[in-house]
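Printed here is work_8.csv (CSV, C-alpha atoms):
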```csv
chain,number,residue,atom,x,y,z
O,24,MET,CA,-162.2,-52.2,162.8
O,25,GLN,CA,-160.6,-54.7,160.5
O,26,ASP,CA,-161.0,-58.3,161.5
O,27,LYS,CA,-158.1,-59.7,159.4
O,28,PRO,CA,-154.5,-59.0,160.4
O,29,VAL,CA,-153.0,-56.0,158.6
O,30,ALA,CA,-149.5,-55.8,157.2
O,31,LEU,CA,-147.7,-52.8,155.8
O,32,VAL,CA,-144.9,-53.6,153.3
O,33,THR,CA,-142.7,-50.6,152.3
O,34,GLY,CA,-141.3,-50.7,148.8
O,35,ALA,CA,-143.9,-53.3,147.8
O,36,ASN,CA,-144.4,-52.2,144.2
O,37,LYS,CA,-141.7,-54.6,142.9
O,38,GLY,CA,-139.2,-57.2,143.7
O,39,ILE,CA,-138.9,-58.8,147.1
O,40,GLY,CA,-141.5,-56.4,148.6
O,41,LEU,CA,-144.1,-57.4,146.0
O,42,GLN,CA,-143.5,-61.1,146.7
O,43,ILE,CA,-143.8,-60.5,150.4
O,44,ALA,CA,-147.1,-58.7,149.9
O,45,LYS,CA,-148.4,-61.6,147.8
O,46,ASP,CA,-147.3,-64.2,150.4
O,47,LEU,CA,-148.9,-62.3,153.3
O,48,THR,CA,-152.1,-62.0,151.3
O,49,ALA,CA,-152.0,-65.8,150.7
O,50,HIS,CA,-151.7,-66.2,154.5
O,51,GLY,CA,-154.9,-64.2,155.2
O,52,PHE,CA,-153.5,-60.7,155.7
O,53,THR,CA,-154.9,-57.5,154.4
O,54,VAL,CA,-151.7,-56.0,152.9
O,55,ILE,CA,-150.9,-52.3,152.4
O,56,VAL,CA,-148.6,-52.0,149.4
O,57,GLY,CA,-146.4,-49.0,150.3
O,58,SER,CA,-144.8,-47.3,147.3
O,59,ARG,CA,-143.2,-43.9,146.6
O,60,SER,CA,-145.4,-43.8,143.5
O,61,LEU,CA,-149.1,-44.2,144.1
O,62,GLU,CA,-149.6,-45.3,140.5
O,63,LYS,CA,-147.0,-48.0,140.7
O,64,GLY,CA,-148.5,-49.1,144.1
O,65,GLU,CA,-151.9,-49.4,142.7
O,66,THR,CA,-150.7,-51.5,139.8
O,67,ALA,CA,-148.8,-53.7,142.3
O,68,ALA,CA,-151.8,-54.0,144.6
O,69,LYS,CA,-154.0,-55.2,141.8
O,70,SER,CA,-151.5,-58.0,141.1
O,71,VAL,CA,-151.4,-58.9,144.8
O,72,GLY,CA,-155.1,-59.4,145.1
O,73,ALA,CA,-158.4,-58.2,146.5
O,74,ASP,CA,-157.0,-57.9,150.0
O,75,ALA,CA,-154.3,-55.4,149.0
O,76,ARG,CA,-154.4,-51.7,149.1
O,77,ALA,CA,-152.0,-49.2,147.6
O,78,LEU,CA,-150.5,-46.5,149.9
O,79,GLN,CA,-148.2,-43.6,148.8
O,80,LEU,CA,-145.3,-43.8,151.1
O,81,ASP,CA,-141.9,-42.2,150.7
O,82,VAL,CA,-139.8,-43.4,153.6
O,83,THR,CA,-137.5,-40.3,153.2
O,84,ASN,CA,-140.4,-37.8,153.7
O,85,GLN,CA,-141.8,-37.4,157.2
O,86,ASP,CA,-145.1,-35.9,155.9
O,87,SER,CA,-145.6,-38.9,153.7
O,88,ILE,CA,-144.9,-41.2,156.6
O,89,SER,CA,-147.2,-39.4,159.0
O,90,ALA,CA,-150.0,-39.4,156.4
O,91,ALA,CA,-149.6,-43.1,155.9
O,92,ALA,CA,-149.9,-43.8,159.6
O,93,GLU,CA,-153.0,-41.7,159.8
O,94,ARG,CA,-154.6,-43.4,156.8
O,95,ILE,CA,-153.9,-46.8,158.2
O,96,ARG,CA,-155.4,-45.9,161.5
O,97,GLY,CA,-158.5,-44.2,159.9
O,98,GLU,CA,-159.2,-46.9,157.3
O,99,LEU,CA,-158.2,-50.1,159.0
O,100,GLY,CA,-157.8,-49.3,162.7
O,101,ARG,CA,-154.9,-51.5,163.2
O,102,LEU,CA,-151.4,-52.7,162.1
O,103,ASP,CA,-150.1,-56.1,163.0
O,104,VAL,CA,-147.0,-56.5,160.9
O,105,LEU,CA,-144.5,-53.9,159.5
O,106,VAL,CA,-142.1,-55.1,156.8
O,107,ASN,CA,-139.5,-52.3,156.3
O,108,ASN,CA,-138.5,-53.5,152.8
O,109,ALA,CA,-137.9,-50.2,151.0
O,110,GLY,CA,-134.3,-49.7,150.1
O,111,ILE,CA,-131.9,-48.5,147.4
O,112,SER,CA,-128.4,-49.5,146.5
O,113,HIS,CA,-127.6,-46.3,144.7
O,114,GLN,CA,-129.0,-43.0,143.6
O,115,GLY,CA,-128.7,-41.7,140.1
O,116,GLN,CA,-130.0,-41.9,136.7
O,117,PRO,CA,-132.0,-45.0,135.8
O,118,GLY,CA,-130.4,-47.1,133.1
O,119,ARG,CA,-126.8,-46.6,134.2
O,120,PRO,CA,-124.8,-49.7,133.4
O,121,LEU,CA,-124.3,-52.0,136.4
O,122,GLU,CA,-120.5,-51.7,136.0
O,123,GLU,CA,-120.7,-47.9,136.4
O,124,ILE,CA,-122.9,-48.2,139.4
O,125,GLY,CA,-120.5,-50.7,141.0
O,126,LYS,CA,-117.5,-48.5,140.4
O,127,SER,CA,-119.3,-45.3,141.7
O,128,GLY,CA,-120.2,-47.1,144.9
O,129,ARG,CA,-116.6,-47.7,146.0
O,130,PRO,CA,-115.8,-45.7,149.2
O,131,SER,CA,-112.7,-44.2,147.5
O,132,VAL,CA,-114.8,-42.5,144.9
O,133,ALA,CA,-118.4,-42.6,146.1
O,134,SER,CA,-120.3,-39.3,146.0
O,135,LEU,CA,-121.2,-38.2,149.5
O,136,GLU,CA,-124.5,-37.1,148.1
O,137,GLU,CA,-125.2,-40.6,146.9
O,138,VAL,CA,-124.1,-42.2,150.1
O,139,ARG,CA,-126.3,-39.8,152.1
O,140,ALA,CA,-129.3,-40.7,149.8
O,141,VAL,CA,-128.7,-44.4,150.4
O,142,PHE,CA,-128.5,-43.9,154.2
O,143,GLU,CA,-131.6,-41.6,154.2
O,144,THR,CA,-133.6,-44.4,152.7
O,145,ASN,CA,-132.0,-47.5,154.1
O,146,VAL,CA,-131.3,-46.4,157.7
O,147,PHE,CA,-133.2,-43.2,158.6
O,148,GLY,CA,-136.2,-44.3,156.6
O,149,VAL,CA,-136.5,-47.5,158.5
O,150,ILE,CA,-136.3,-45.7,161.8
O,151,ALA,CA,-138.8,-43.0,160.8
O,152,VAL,CA,-141.4,-45.5,159.5
O,153,THR,CA,-140.9,-47.8,162.6
O,154,GLN,CA,-141.4,-44.8,165.0
O,155,ALA,CA,-144.5,-43.7,163.1
O,156,MET,CA,-146.1,-47.2,163.1
O,157,LEU,CA,-145.1,-48.3,166.6
O,158,PRO,CA,-148.3,-46.8,168.2
O,159,LEU,CA,-150.4,-48.9,165.8
O,160,LEU,CA,-148.3,-52.0,166.3
O,161,ARG,CA,-148.4,-51.7,170.1
O,162,GLU,CA,-152.2,-51.4,170.1
```

What is this file in structure tokens?
Amino acid sequence: MQDKPVALVTGANKGIGLQIAKDLTAHGFTVIVGSRSLEKGETAAKSVGADARALQLDVTNQDSISAAAERIRGELGRLDVLVNNAGISHQGQPGRPLEEIGKSGRPSVASLEEVRAVFETNVFGVIAVTQAMLPLLRE
């Protein structure tokens, strides 16, 4: 079993999640860098430090979430902190101009498909990951 406290940060391959991972490592945690793309997660984990591990985790995919919980239990035996950071502001083609993204997000014109995708990640994903990780956190 892991002696150091263990933290899982979802969406930790860039931005705020990456910085949270770095800060937790600096405070003595083993950090699991959760990322939809394992390749991007591995790159991020290297930048976090020796006490970081990449984990493929898509918060909108229950199989991915379950596999992540099993891997954490099997490899580390514990989870002390969960940071549900993964989130999106829109769905769509990368590189769309910010102005277009802003206009398309207005409730009067927003695509229901895009709104559902945002809720799937930002609401249901948080609940699904929390439910899967609670047994480890409670231990």

task = Have a look at O:His50, O:Val146, O:Ala44, O:Leu135 and name the one nearest to Lys69 of chain O; count all atoms listed in the file.
result =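 Smallest separation from Lys69 of chain O among the options: O:Ala44.
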
request  = Can you work out which one of O:Asp86, O:Glu143, O:Asp46, O:Glu98 has the shortest atom-to-atom distance to Val71 of chain O, counting all atoms listed in the file?
outcome  =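 Among the listed residues, the smallest separation from Val71 of chain O belongs to O:Asp46.
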
ask   = For Leu157 of chain O, which residue out of O:Ser112, O:Glu136, O:Asp103, O:Leu61 is the nearest one, using all atoms listed in the file?
value =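 Distance minimum relative to Leu157 of chain O lands on O:Asp103.
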
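Distance-wise, atom CA of Val152 of chain O and atom CA of Val82 of chain O end up 6.5 Å apart.
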
request  = Please check which residues have atoms at most 12 Å from (-141.4, -35.6, 155.5) in the file's coordinates, counting all atoms listed in the file, and write them as a list in words.
outcome  =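 Here is the list of nearby residues: Leu80, Asp81, Val82, Thr83, Asn84, Gln85, Asp86, Ser87, Ile88, Ser89, Ala90, Ala91, Glu143, Phe147, Gly148, Ala151, Val152 and Ala155 of chain O.
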
ask   = Looking at O:Asn36, O:Leu31, O:Arg161, O:Val141, which one is nearest to Glu65 of chain O, with distances taken over all atoms listed in the file?
value = O:Asn36

ask   = Quick one: of O:Asp26, O:Glu93, O:Asp74, O:Glu62, who's nearest to Met156 of chain O, counting all atoms listed in the file?
value =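 Closest residue, counting all atoms listed in the file: O:Glu93.
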